[in-house]
Amino acid sequence: MGNRSSRFLFKMLAGSLLRRRSRMAVALFGIALGATALLGMVTLCYDIPRQLTREFRSYGANMVFLSSGQAPLSLDAVEKAVPLLPGDHLLGLTPFRYLPVRSAMVPYTMAGTDFSQAAKTSPYWRVEGRWPEKENEILIGADIAEFARLEPGRTLPIDGRNSSMSRFRKDLLICGVLRTGGAEDGLLFMNLAAMEAMTGEGRLADVVEISLSMKEEDLRALAAAIQAAVPGLEARLVTRVTQSEASVLGKLDMLVTLVAMVVLLLTMICVATTMMTVVLERRREIGLKKALGAENRRIVEEFLAEGILLGAMGGLGGALCGFAFAQLVCMHVFGRSIDIVFSLIPLTVLVSVGITIAACLAPARQAMNVEPALVLRGE
Amino acid sequence: MNILDIRDLCKIYGQVAALLDITLSVGQGEWVAIMGPSGSGKTTMMNIIGCMDKASSGSVILDRQDLSRLSPAELTAIRRDKIGLVFQQFHLIPYLTALENVMVAQYYHSLTDEDEAMQALVRVGLGDRAGHLPRQLSGGEQQRVCIARALINSPSLLLADEPTGNLDEANETIVMNLLEQLHREGSTIVLVTHDLEVAAHAQRTVFLEHGRLARIERNTGRLPPE
């Protein structure tokens with residue numbers, strides 16, 4: 001018996017959806033629009049902080065490795081720490097070794113580094129000329145170029161002493177001028193391996209800059225774990241970067257959450273209005289069903305079933321459009337694709353159904369109050 | 001045996017008496033027409049007999065049940081189980097086929113039976129129109145679907161409100177012949193109309209004036225005089 005009733009209920013719902021296409025299309029559009037906005041906002045809410053964390057990395061590294069003692073940090077210790085860094089969040093890891101050198105009696109600081117990594121951890125470096133490729137090639141800071149009137153193509157003879165006070169000297173070719181607007185403009189830069197060969201020192205670094213796309217609290221936990229695991233290595237956060245990043249992301253999170261809640265509210269209003277219109281349009285039909293002996297419970301059941309069907313269909317369509325919307329926004333603003341979280345699809349459908357049911361309650365109550373006699377008289 | 005017994009029925013709206021001291025009985029298998037000008041209380045009486053409104057005083061006993069003592073839910077059940085309604089404006093559900101419109105009444109009554117609904121349509125001469133939507137049917141055909149829907153649950157009383165009010169002469173004849181056939185088969189019919197010719201098909205005509213029962217006439221010939 002229940003089976004036959006359910007089958008006829010489904011028949012009525014299908015008839016209502018398929019034979020009142022234009023009306024139902026409007027209702028579906030309203031629900032789908034709400035679901036699109038909802039899923040789009042939730043996806044952006046999840047993705048924008050992730051995208052911005054990557055954007056923040058253009059301001060430089062957010063973690064450094066230092067030696068915990070007086071001696072420079074051994075790169076062997078750094079290699080032990082590298083496996084502890086989460087590979088999917090690691091954007092770059094750049095060692096720096098600083099040595100005092102002289103050229104024509106003028107003192108300079110020479111920094112040895114890995115240029116391929118430096119471009120990742122310090123994307124704000126601008127090089128006029130080209131990046132060093134050979135062992136004897138160097139970059140000079142913009143301040144040095146101006147002060148000593150040096151330019152790419154000139155040779156710079158330098159000499160100095162290593163940490164064991166052994167002398168070294170070499171003629172180096174300037175291949176580019178580095179401009180950062182920071183302390184780097186007052187330094188000379190050469191390849192770290194070439195520097196080790198020139199000075200005869202072992203594999204040492206004064207500081208290792210690391211760029212990770214992670215939140216401040218996760219970075220803090222990671223630093224503590226690395227420090228505990230690798231003796232002689234001190235892992236520190238670059239506080240001015242991580243704190244301002246956390247502050248901006250926190251505010252953005254709040255803003256996006258607020259917008260998502262407003263969207264949710266607007267969605268509910270949109271769906272409720274749609275369902276109320278459906279009830280108003282069908283007062284005569286409700287009156288007729290009551291005149292035929294339909295109990296209020298059956299009328300409410302029918303409205304809820306129709307609401308669930310509309311919510312599920314609109315929610316599914318809206319979820320797909322929501323991803324497209326979030327993708328479009330992300331591509332335009334960040335030039336990168338979003339991470340599609342597929343679990344959001346059933347969640348959006350469920351929320352849409354939930355909202356539709358909630359939105360149906362007031363119209364269903366209205367339907368219960370429809371007097372068959374009034375409606376059948378055309379009032 | 002009477003299927004409907006109305007005693008001292010009054011219906012008051014504020015200061016206005018829509019029905020005053022109506023007393024009327026309708027026997028099992030009888031056909032009674034209720035006539036009167038606009039505002040005479042025909043629709044109010046139909047609503048009360050049809051369990052869509054309650055009397056202010058007096059009693060209405062339908063099939064041994066006093067309607068004035070019943071709750072709204074119980075009145076709904078009476079409407080579903082004992083009354084078949086035929087409306088002037090047909091009131092078919094526009095997105096359901098003729099067959100499904102008949103099955104709606106089954107759905108709210110107990111359980112749907114497509115074969116039985118089809119037989120009801122055949123009975124009113126619409127077996128070949130079962131899959132049509134109301135907008136694809138003529139006025140007369142829609143009214144016949146409405147009659148099939150009213151009969152599907154074998155009601156004790158068929159209550160028809162101006163069933164030919166929206167029909168042309170040809171369709172009026174078809175519908176009245178159908179009602180006559182139902183009456184011959186044993187249906188009890190109460191028909192509200194303002195048309196003397198339609199009322200003449202009934203066995204008795206009850207005349208209402210200003211909410212009061214003016215007179216009751218027995219239609220001997222059952223056909224309107226020329």
# chains A, B, ... in the order shown; residues from 1 in each chain; ligands from 1
call {"tool": "closest_atom_pairs", "arguments": {"of": "chain B", "to": "chain A", "cutoff": "8 Å", "atoms": "only C-alpha atoms", "output": "tab-separated table"}}
result
residue	atom	partner	partner_atom	distance
B:Asn47	CA	A:Ala373	CA	6.6
B:Met52	CA	A:Ala373	CA	5.6
B:Asp53	CA	A:Ala373	CA	7.2
B:Ala73	CA	A:Glu295	CA	7.2
B:Thr76	CA	A:Gly293	CA	5.1
B:Ala77	CA	A:Gly293	CA	6.1
B:Ile78	CA	A:Gly293	CA	7.7
B:Arg79	CA	A:Gly293	CA	5.4
B:Arg80	CA	A:Gly293	CA	4.0
B:Asp81	CA	A:Gly293	CA	7.8
B:Gly84	CA	A:Leu292	CA	7.9
B:Leu85	CA	A:Leu292	CA	7.6
B:His91	CA	A:Leu288	CA	6.8
B:Ile93	CA	A:Glu285	CA	6.5
B:Tyr95	CA	A:Arg19	CA	5.4
B:Leu96	CA	A:Gly15	CA	6.1
B:Ala105	CA	A:Leu292	CA	6.1
B:Tyr107	CA	A:Ser5	CA	6.5
B:Tyr108	CA	A:Ala294	CA	5.3
B:His109	CA	A:Gly293	CA	7.1
B:Leu111	CA	A:Ser5	CA	6.3
B:Thr112	CA	A:Arg4	CA	6.6
call {"tool": "select_by_dssp", "arguments": {"residues": "range 38-84 of chain B", "states": "alpha helix (DSSP H)", "output": "list in words"}}
result
Lys42, Thr43, Thr44, Met45, Met46, Asn47, Ile48, Ile49, Pro72, Ala73, Glu74, Leu75, Thr76, Ala77, Ile78, Arg79, Arg80, Asp81 and Lys82 of chain B
call {"tool": "write_last_selection", "arguments": {"atoms": "N, CA, C and O atoms", "output": "short mmCIF file (atom, residue, chain, number, x, y, z; two decimals), in the first residue's frame"}}
result
data_model
loop_
_atom_site.label_atom_id
_atom_site.label_comp_id
_atom_site.auth_asym_id
_atom_site.auth_seq_id
_atom_site.Cartn_x
_atom_site.Cartn_y
_atom_site.Cartn_z
N LYS B 42 -27.37 29.32 -1.02
CA LYS B 42 -27.14 28.00 -1.66
C LYS B 42 -25.71 27.50 -1.38
O LYS B 42 -25.52 26.37 -0.94
N THR B 43 -24.71 28.40 -1.64
CA THR B 43 -23.31 27.99 -1.50
C THR B 43 -22.98 27.69 -0.03
O THR B 43 -22.28 26.72 0.27
N THR B 44 -23.55 28.51 0.87
CA THR B 44 -23.30 28.29 2.30
C THR B 44 -23.83 26.92 2.71
O THR B 44 -23.17 26.15 3.41
N MET B 45 -25.01 26.59 2.20
CA MET B 45 -25.61 25.30 2.53
C MET B 45 -24.77 24.16 1.95
O MET B 45 -24.54 23.15 2.63
N MET B 46 -24.31 24.37 0.73
CA MET B 46 -23.47 23.35 0.09
C MET B 46 -22.18 23.15 0.89
O MET B 46 -21.73 22.02 1.10
N ASN B 47 -21.58 24.27 1.35
CA ASN B 47 -20.33 24.16 2.13
C ASN B 47 -20.55 23.42 3.44
O ASN B 47 -19.70 22.65 3.88
N ILE B 48 -21.70 23.66 4.07
CA ILE B 48 -21.96 22.99 5.35
C ILE B 48 -22.23 21.50 5.12
O ILE B 48 -21.68 20.65 5.82
N ILE B 49 -23.05 21.20 4.12
CA ILE B 49 -23.32 19.77 3.82
C ILE B 49 -22.02 19.08 3.39
O ILE B 49 -21.74 17.94 3.72
N PRO B 72 -12.34 19.46 12.95
CA PRO B 72 -11.94 19.69 11.55
C PRO B 72 -11.34 18.43 10.91
O PRO B 72 -11.62 18.13 9.74
N ALA B 73 -10.54 17.68 11.69
CA ALA B 73 -9.92 16.47 11.12
C ALA B 73 -10.98 15.42 10.78
O ALA B 73 -10.91 14.74 9.76
N GLU B 74 -12.00 15.33 11.67
CA GLU B 74 -13.08 14.36 11.42
C GLU B 74 -13.92 14.79 10.22
O GLU B 74 -14.36 13.94 9.44
N LEU B 75 -14.11 16.11 10.08
CA LEU B 75 -14.86 16.60 8.92
C LEU B 75 -14.10 16.29 7.62
O LEU B 75 -14.71 15.94 6.61
N THR B 76 -12.76 16.40 7.70
CA THR B 76 -11.93 16.06 6.53
C THR B 76 -12.15 14.60 6.16
O THR B 76 -12.30 14.25 4.98
N ALA B 77 -12.20 13.76 7.18
CA ALA B 77 -12.38 12.31 6.94
C ALA B 77 -13.76 12.04 6.31
O ALA B 77 -13.90 11.21 5.41
N ILE B 78 -14.80 12.76 6.78
CA ILE B 78 -16.15 12.59 6.22
C ILE B 78 -16.15 13.00 4.75
O ILE B 78 -16.71 12.33 3.89
N ARG B 79 -15.48 14.15 4.50
CA ARG B 79 -15.40 14.66 3.13
C ARG B 79 -14.74 13.62 2.22
O ARG B 79 -15.14 13.41 1.09
N ARG B 80 -13.72 12.99 2.75
CA ARG B 80 -12.94 12.02 1.98
C ARG B 80 -13.74 10.73 1.74
O ARG B 80 -13.72 10.18 0.64
N ASP B 81 -14.46 10.29 2.80
CA ASP B 81 -15.06 8.96 2.75
C ASP B 81 -16.51 8.95 2.25
O ASP B 81 -16.97 7.96 1.70
N LYS B 82 -17.25 10.05 2.50
CA LYS B 82 -18.70 9.98 2.27
C LYS B 82 -19.22 10.95 1.22
O LYS B 82 -20.37 10.84 0.82
#
call {"tool": "residues_around", "arguments": {"residues": "range 56-64 of chain B", "least_positions_apart": "2", "cutoff": "10 Å", "atoms": "only C-alpha atoms", "output": "PyMOL selection string"}}
result
chain B and resi 1-13+17+19-26+28+48-51+53-54+66-69+78+82-83+156-157
call {"tool": "residues_around", "arguments": {"residues": "Val145 in chain B", "least_positions_apart": "6", "cutoff": "12 Å", "atoms": "only C-alpha atoms", "output": "PyMOL selection string"}}
result
chain B and resi 85-87+89-93+96-105+117-127+129-134+137-139+151-152+163+175+178
call {"tool": "residues_around", "arguments": {"residues": "range 304-321 of chain A", "least_positions_apart": "6", "cutoff": "8 Å", "atoms": "only C-alpha atoms", "output": "PDB file with all heavy atoms, in the first residue's frame"}}
result
ATOM      1  N   LEU A  13       4.749  14.489  -8.142  1.00  0.00           N
ATOM      2  CA  LEU A  13       5.915  15.386  -8.105  1.00  0.00           C
ATOM      3  C   LEU A  13       6.504  15.541  -9.498  1.00  0.00           C
ATOM      4  O   LEU A  13       6.836  16.646  -9.922  1.00  0.00           O
ATOM      5  CB  LEU A  13       6.985  14.838  -7.154  1.00  0.00           C
ATOM      6  CG  LEU A  13       6.655  14.869  -5.668  1.00  0.00           C
ATOM      7  CD1 LEU A  13       7.793  14.280  -4.856  1.00  0.00           C
ATOM      8  CD2 LEU A  13       6.388  16.293  -5.216  1.00  0.00           C
ATOM      9  N   ALA A  27      11.897  28.348  -9.740  1.00  0.00           N
ATOM     10  CA  ALA A  27      12.219  27.872  -8.383  1.00  0.00           C
ATOM     11  C   ALA A  27      13.601  27.230  -8.361  1.00  0.00           C
ATOM     12  O   ALA A  27      14.412  27.508  -7.473  1.00  0.00           O
ATOM     13  CB  ALA A  27      11.163  26.877  -7.924  1.00  0.00           C
ATOM     14  N   LEU A  28      13.866  26.386  -9.362  1.00  0.00           N
ATOM     15  CA  LEU A  28      15.174  25.713  -9.435  1.00  0.00           C
ATOM     16  C   LEU A  28      16.287  26.732  -9.583  1.00  0.00           C
ATOM     17  O   LEU A  28      17.342  26.613  -8.963  1.00  0.00           O
ATOM     18  CB  LEU A  28      15.210  24.774 -10.644  1.00  0.00           C
ATOM     19  CG  LEU A  28      14.828  23.334 -10.387  1.00  0.00           C
ATOM     20  CD1 LEU A  28      14.908  22.533 -11.667  1.00  0.00           C
ATOM     21  CD2 LEU A  28      15.773  22.708  -9.354  1.00  0.00           C
ATOM     22  N   PHE A  29      16.045  27.749 -10.411  1.00  0.00           N
ATOM     23  CA  PHE A  29      17.044  28.785 -10.646  1.00  0.00           C
ATOM     24  C   PHE A  29      17.374  29.484  -9.321  1.00  0.00           C
ATOM     25  O   PHE A  29      18.543  29.710  -9.000  1.00  0.00           O
ATOM     26  CB  PHE A  29      16.525  29.782 -11.681  1.00  0.00           C
ATOM     27  CG  PHE A  29      17.493  30.895 -11.970  1.00  0.00           C
ATOM     28  CD1 PHE A  29      18.637  30.654 -12.708  1.00  0.00           C
ATOM     29  CD2 PHE A  29      17.252  32.180 -11.506  1.00  0.00           C
ATOM     30  CE1 PHE A  29      19.538  31.676 -12.964  1.00  0.00           C
ATOM     31  CE2 PHE A  29      18.140  33.205 -11.757  1.00  0.00           C
ATOM     32  CZ  PHE A  29      19.291  32.957 -12.489  1.00  0.00           C
ATOM     33  N   GLY A  30      16.322  29.805  -8.563  1.00  0.00           N
ATOM     34  CA  GLY A  30      16.528  30.477  -7.276  1.00  0.00           C
ATOM     35  C   GLY A  30      17.388  29.633  -6.344  1.00  0.00           C
ATOM     36  O   GLY A  30      18.341  30.134  -5.736  1.00  0.00           O
ATOM     37  N   ILE A  31      17.062  28.350  -6.256  1.00  0.00           N
ATOM     38  CA  ILE A  31      17.800  27.456  -5.354  1.00  0.00           C
ATOM     39  C   ILE A  31      19.224  27.260  -5.871  1.00  0.00           C
ATOM     40  O   ILE A  31      20.198  27.320  -5.108  1.00  0.00           O
ATOM     41  CB  ILE A  31      17.067  26.104  -5.227  1.00  0.00           C
ATOM     42  CG1 ILE A  31      15.718  26.329  -4.545  1.00  0.00           C
ATOM     43  CG2 ILE A  31      17.887  25.110  -4.429  1.00  0.00           C
ATOM     44  CD1 ILE A  31      14.751  25.187  -4.692  1.00  0.00           C
ATOM     45  N   ALA A  32      19.357  27.051  -7.195  1.00  0.00           N
ATOM     46  CA  ALA A  32      20.685  26.826  -7.775  1.00  0.00           C
ATOM     47  C   ALA A  32      21.559  28.060  -7.595  1.00  0.00           C
ATOM     48  O   ALA A  32      22.759  27.952  -7.304  1.00  0.00           O
ATOM     49  CB  ALA A  32      20.559  26.476  -9.251  1.00  0.00           C
ATOM     50  N   LEU A  33      20.944  29.235  -7.720  1.00  0.00           N
ATOM     51  CA  LEU A  33      21.698  30.485  -7.548  1.00  0.00           C
ATOM     52  C   LEU A  33      22.244  30.558  -6.121  1.00  0.00           C
ATOM     53  O   LEU A  33      23.413  30.891  -5.897  1.00  0.00           O
ATOM     54  CB  LEU A  33      20.766  31.670  -7.828  1.00  0.00           C
ATOM     55  CG  LEU A  33      21.438  33.005  -8.100  1.00  0.00           C
ATOM     56  CD1 LEU A  33      22.203  32.939  -9.413  1.00  0.00           C
ATOM     57  CD2 LEU A  33      20.395  34.111  -8.175  1.00  0.00           C
ATOM     58  N   GLY A  34      21.384  30.229  -5.172  1.00  0.00           N
ATOM     59  CA  GLY A  34      21.811  30.221  -3.777  1.00  0.00           C
ATOM     60  C   GLY A  34      22.934  29.233  -3.553  1.00  0.00           C
ATOM     61  O   GLY A  34      23.941  29.548  -2.902  1.00  0.00           O
ATOM     62  N   ALA A  35      22.788  28.019  -4.112  1.00  0.00           N
ATOM     63  CA  ALA A  35      23.810  26.979  -3.932  1.00  0.00           C
ATOM     64  C   ALA A  35      25.116  27.396  -4.605  1.00  0.00           C
ATOM     65  O   ALA A  35      26.206  27.151  -4.079  1.00  0.00           O
ATOM     66  CB  ALA A  35      23.313  25.657  -4.520  1.00  0.00           C
ATOM     67  N   THR A  36      25.011  28.055  -5.760  1.00  0.00           N
ATOM     68  CA  THR A  36      26.213  28.524  -6.464  1.00  0.00           C
ATOM     69  C   THR A  36      26.965  29.512  -5.577  1.00  0.00           C
ATOM     70  O   THR A  36      28.180  29.385  -5.370  1.00  0.00           O
ATOM     71  CB  THR A  36      25.812  29.227  -7.788  1.00  0.00           C
ATOM     72  OG1 THR A  36      25.115  28.306  -8.590  1.00  0.00           O
ATOM     73  CG2 THR A  36      27.026  29.736  -8.532  1.00  0.00           C
ATOM     74  N   ALA A  37      26.213  30.487  -5.059  1.00  0.00           N
ATOM     75  CA  ALA A  37      26.844  31.505  -4.225  1.00  0.00           C
ATOM     76  C   ALA A  37      27.455  30.856  -2.987  1.00  0.00           C
ATOM     77  O   ALA A  37      28.583  31.173  -2.592  1.00  0.00           O
ATOM     78  CB  ALA A  37      25.812  32.548  -3.828  1.00  0.00           C
ATOM     79  N   LEU A  39      28.424  27.576  -2.398  1.00  0.00           N
ATOM     80  CA  LEU A  39      29.602  26.741  -2.638  1.00  0.00           C
ATOM     81  C   LEU A  39      30.770  27.600  -3.131  1.00  0.00           C
ATOM     82  O   LEU A  39      31.918  27.385  -2.741  1.00  0.00           O
ATOM     83  CB  LEU A  39      29.304  25.642  -3.655  1.00  0.00           C
ATOM     84  CG  LEU A  39      30.479  24.684  -3.745  1.00  0.00           C
ATOM     85  CD1 LEU A  39      30.026  23.266  -3.531  1.00  0.00           C
ATOM     86  CD2 LEU A  39      31.226  24.785  -5.043  1.00  0.00           C
ATOM     87  N   GLY A  40      30.455  28.585  -3.962  1.00  0.00           N
ATOM     88  CA  GLY A  40      31.506  29.477  -4.449  1.00  0.00           C
ATOM     89  C   GLY A  40      32.196  30.171  -3.287  1.00  0.00           C
ATOM     90  O   GLY A  40      33.427  30.192  -3.192  1.00  0.00           O
ATOM     91  N   MET A 275       9.511  29.420  -2.500  1.00  0.00           N
ATOM     92  CA  MET A 275       8.554  28.413  -2.057  1.00  0.00           C
ATOM     93  C   MET A 275       7.220  29.051  -1.653  1.00  0.00           C
ATOM     94  O   MET A 275       6.162  28.479  -1.863  1.00  0.00           O
ATOM     95  CB  MET A 275       9.118  27.590  -0.886  1.00  0.00           C
ATOM     96  CG  MET A 275      10.311  26.722  -1.247  1.00  0.00           C
ATOM     97  SD  MET A 275      10.120  25.742  -2.750  1.00  0.00           S
ATOM     98  CE  MET A 275       8.893  24.555  -2.268  1.00  0.00           C
ATOM     99  N   LEU A 344      32.594  18.823  -0.906  1.00  0.00           N
ATOM    100  CA  LEU A 344      31.680  19.968  -0.763  1.00  0.00           C
ATOM    101  C   LEU A 344      30.400  19.782  -1.589  1.00  0.00           C
ATOM    102  O   LEU A 344      29.393  20.413  -1.308  1.00  0.00           O
ATOM    103  CB  LEU A 344      32.372  21.259  -1.207  1.00  0.00           C
ATOM    104  CG  LEU A 344      33.363  21.877  -0.223  1.00  0.00           C
ATOM    105  CD1 LEU A 344      33.995  23.123  -0.802  1.00  0.00           C
ATOM    106  CD2 LEU A 344      32.690  22.209   1.103  1.00  0.00           C
ATOM    107  N   ILE A 345      30.452  18.906  -2.617  1.00  0.00           N
ATOM    108  CA  ILE A 345      29.262  18.725  -3.472  1.00  0.00           C
ATOM    109  C   ILE A 345      28.108  18.106  -2.679  1.00  0.00           C
ATOM    110  O   ILE A 345      27.044  18.724  -2.585  1.00  0.00           O
ATOM    111  CB  ILE A 345      29.597  17.891  -4.736  1.00  0.00           C
ATOM    112  CG1 ILE A 345      30.574  18.685  -5.601  1.00  0.00           C
ATOM    113  CG2 ILE A 345      28.335  17.556  -5.530  1.00  0.00           C
ATOM    114  CD1 ILE A 345      31.014  17.993  -6.867  1.00  0.00           C
ATOM    115  N   PRO A 346      28.312  16.903  -2.063  1.00  0.00           N
ATOM    116  CA  PRO A 346      27.180  16.373  -1.270  1.00  0.00           C
ATOM    117  C   PRO A 346      26.801  17.291  -0.121  1.00  0.00           C
ATOM    118  O   PRO A 346      25.624  17.400   0.228  1.00  0.00           O
ATOM    119  CB  PRO A 346      27.706  15.024  -0.751  1.00  0.00           C
ATOM    120  CG  PRO A 346      29.159  15.029  -0.982  1.00  0.00           C
ATOM    121  CD  PRO A 346      29.446  15.976  -2.100  1.00  0.00           C
ATOM    122  N   THR A 348      26.916  20.584  -0.114  1.00  0.00           N
ATOM    123  CA  THR A 348      26.086  21.675  -0.659  1.00  0.00           C
ATOM    124  C   THR A 348      24.681  21.180  -0.946  1.00  0.00           C
ATOM    125  O   THR A 348      23.702  21.884  -0.669  1.00  0.00           O
ATOM    126  CB  THR A 348      26.718  22.221  -1.962  1.00  0.00           C
ATOM    127  OG1 THR A 348      28.060  22.571  -1.685  1.00  0.00           O
ATOM    128  CG2 THR A 348      25.983  23.430  -2.478  1.00  0.00           C
ATOM    129  N   VAL A 349      24.586  19.956  -1.499  1.00  0.00           N
ATOM    130  CA  VAL A 349      23.255  19.399  -1.793  1.00  0.00           C
ATOM    131  C   VAL A 349      22.476  19.265  -0.479  1.00  0.00           C
ATOM    132  O   VAL A 349      21.304  19.657  -0.393  1.00  0.00           O
ATOM    133  CB  VAL A 349      23.370  18.033  -2.513  1.00  0.00           C
ATOM    134  CG1 VAL A 349      22.012  17.376  -2.649  1.00  0.00           C
ATOM    135  CG2 VAL A 349      23.994  18.217  -3.900  1.00  0.00           C
ATOM    136  N   LEU A 350      23.156  18.740   0.552  1.00  0.00           N
ATOM    137  CA  LEU A 350      22.493  18.571   1.853  1.00  0.00           C
ATOM    138  C   LEU A 350      22.051  19.917   2.424  1.00  0.00           C
ATOM    139  O   LEU A 350      20.930  20.049   2.919  1.00  0.00           O
ATOM    140  CB  LEU A 350      23.455  17.898   2.845  1.00  0.00           C
ATOM    141  CG  LEU A 350      23.487  16.381   2.796  1.00  0.00           C
ATOM    142  CD1 LEU A 350      24.495  15.847   3.803  1.00  0.00           C
ATOM    143  CD2 LEU A 350      22.107  15.814   3.139  1.00  0.00           C
ATOM    144  N   VAL A 351      22.945  20.914   2.351  1.00  0.00           N
ATOM    145  CA  VAL A 351      22.602  22.246   2.882  1.00  0.00           C
ATOM    146  C   VAL A 351      21.431  22.821   2.090  1.00  0.00           C
ATOM    147  O   VAL A 351      20.496  23.382   2.665  1.00  0.00           O
ATOM    148  CB  VAL A 351      23.831  23.187   2.828  1.00  0.00           C
ATOM    149  CG1 VAL A 351      23.431  24.629   3.135  1.00  0.00           C
ATOM    150  CG2 VAL A 351      24.885  22.731   3.823  1.00  0.00           C
ATOM    151  N   SER A 352      21.472  22.648   0.755  1.00  0.00           N
ATOM    152  CA  SER A 352      20.378  23.171  -0.092  1.00  0.00           C
ATOM    153  C   SER A 352      19.054  22.515   0.289  1.00  0.00           C
ATOM    154  O   SER A 352      18.031  23.193   0.416  1.00  0.00           O
ATOM    155  CB  SER A 352      20.648  22.891  -1.571  1.00  0.00           C
ATOM    156  OG  SER A 352      21.732  23.641  -1.985  1.00  0.00           O
ATOM    157  N   VAL A 353      19.108  21.184   0.472  1.00  0.00           N
ATOM    158  CA  VAL A 353      17.883  20.468   0.869  1.00  0.00           C
ATOM    159  C   VAL A 353      17.412  20.971   2.238  1.00  0.00           C
ATOM    160  O   VAL A 353      16.226  21.246   2.436  1.00  0.00           O
ATOM    161  CB  VAL A 353      18.131  18.940   0.886  1.00  0.00           C
ATOM    162  CG1 VAL A 353      16.980  18.211   1.559  1.00  0.00           C
ATOM    163  CG2 VAL A 353      18.306  18.416  -0.531  1.00  0.00           C
ATOM    164  N   GLY A 354      18.373  21.125   3.151  1.00  0.00           N
ATOM    165  CA  GLY A 354      18.051  21.608   4.500  1.00  0.00           C
ATOM    166  C   GLY A 354      17.412  22.988   4.454  1.00  0.00           C
ATOM    167  O   GLY A 354      16.379  23.233   5.087  1.00  0.00           O
ATOM    168  N   ILE A 355      18.032  23.874   3.662  1.00  0.00           N
ATOM    169  CA  ILE A 355      17.504  25.241   3.553  1.00  0.00           C
ATOM    170  C   ILE A 355      16.110  25.208   2.918  1.00  0.00           C
ATOM    171  O   ILE A 355      15.201  25.905   3.364  1.00  0.00           O
ATOM    172  CB  ILE A 355      18.459  26.123   2.706  1.00  0.00           C
ATOM    173  CG1 ILE A 355      19.731  26.419   3.503  1.00  0.00           C
ATOM    174  CG2 ILE A 355      17.781  27.429   2.308  1.00  0.00           C
ATOM    175  CD1 ILE A 355      20.764  27.210   2.742  1.00  0.00           C
ATOM    176  N   THR A 356      15.959  24.369   1.894  1.00  0.00           N
ATOM    177  CA  THR A 356      14.661  24.295   1.219  1.00  0.00           C
ATOM    178  C   THR A 356      13.595  23.774   2.181  1.00  0.00           C
ATOM    179  O   THR A 356      12.474  24.301   2.207  1.00  0.00           O
ATOM    180  CB  THR A 356      14.744  23.384  -0.025  1.00  0.00           C
ATOM    181  OG1 THR A 356      15.951  23.675  -0.707  1.00  0.00           O
ATOM    182  CG2 THR A 356      13.592  23.613  -0.966  1.00  0.00           C
ATOM    183  N   ILE A 357      13.965  22.763   2.977  1.00  0.00           N
ATOM    184  CA  ILE A 357      12.989  22.238   3.949  1.00  0.00           C
ATOM    185  C   ILE A 357      12.612  23.341   4.942  1.00  0.00           C
ATOM    186  O   ILE A 357      11.437  23.580   5.210  1.00  0.00           O
ATOM    187  CB  ILE A 357      13.552  21.002   4.683  1.00  0.00           C
ATOM    188  CG1 ILE A 357      13.610  19.815   3.715  1.00  0.00           C
ATOM    189  CG2 ILE A 357      12.698  20.646   5.896  1.00  0.00           C
ATOM    190  CD1 ILE A 357      14.256  18.581   4.290  1.00  0.00           C
ATOM    191  N   CYS A 360      10.488  25.771   3.398  1.00  0.00           N
ATOM    192  CA  CYS A 360       9.144  25.241   3.083  1.00  0.00           C
ATOM    193  C   CYS A 360       8.233  25.257   4.307  1.00  0.00           C
ATOM    194  O   CYS A 360       7.017  25.144   4.152  1.00  0.00           O
ATOM    195  CB  CYS A 360       9.249  23.794   2.587  1.00  0.00           C
ATOM    196  SG  CYS A 360       9.677  23.684   0.872  1.00  0.00           S
ATOM    197  N   LEU A 361       8.831  25.332   5.501  1.00  0.00           N
ATOM    198  CA  LEU A 361       8.012  25.171   6.708  1.00  0.00           C
ATOM    199  C   LEU A 361       6.946  26.261   6.826  1.00  0.00           C
ATOM    200  O   LEU A 361       5.786  25.969   7.089  1.00  0.00           O
ATOM    201  CB  LEU A 361       8.899  25.123   7.957  1.00  0.00           C
ATOM    202  CG  LEU A 361       9.743  23.853   8.076  1.00  0.00           C
ATOM    203  CD1 LEU A 361      10.609  23.890   9.326  1.00  0.00           C
ATOM    204  CD2 LEU A 361       8.867  22.601   8.085  1.00  0.00           C
ATOM    205  N   ALA A 364       4.390  25.825   4.166  1.00  0.00           N
ATOM    206  CA  ALA A 364       3.594  24.626   4.456  1.00  0.00           C
ATOM    207  C   ALA A 364       2.548  24.945   5.525  1.00  0.00           C
ATOM    208  O   ALA A 364       1.399  24.500   5.441  1.00  0.00           O
ATOM    209  CB  ALA A 364       4.501  23.500   4.915  1.00  0.00           C
TER     210      ALA A 364
END
call {"tool": "closest_residue", "arguments": {"among": "A:Val127, A:Ala61, A:Leu255, A:Leu75", "to": "Gly202 in chain A", "atoms": "only C-alpha atoms"}}
result
A:Leu75
call {"tool": "residues_around", "arguments": {"residues": "range 184-200 of chain B", "least_positions_apart": "4", "cutoff": "6 Å", "atoms": "only C-alpha atoms", "output": "JSON, numbers by chain"}}
result
{"B": [28, 29, 30, 31, 32, 33, 34, 35, 36, 157, 158, 159, 160, 161, 162, 222, 223, 224]}
call {"tool": "select_by_dssp", "arguments": {"residues": "range 89-256 of chain A", "states": "strand (DSSP E)", "output": "PyMOL selection string"}}
result
chain A and resi 90-103+106-113+126-129+137-141+155-161+167-179+188-191+204-205+207-212+233-237
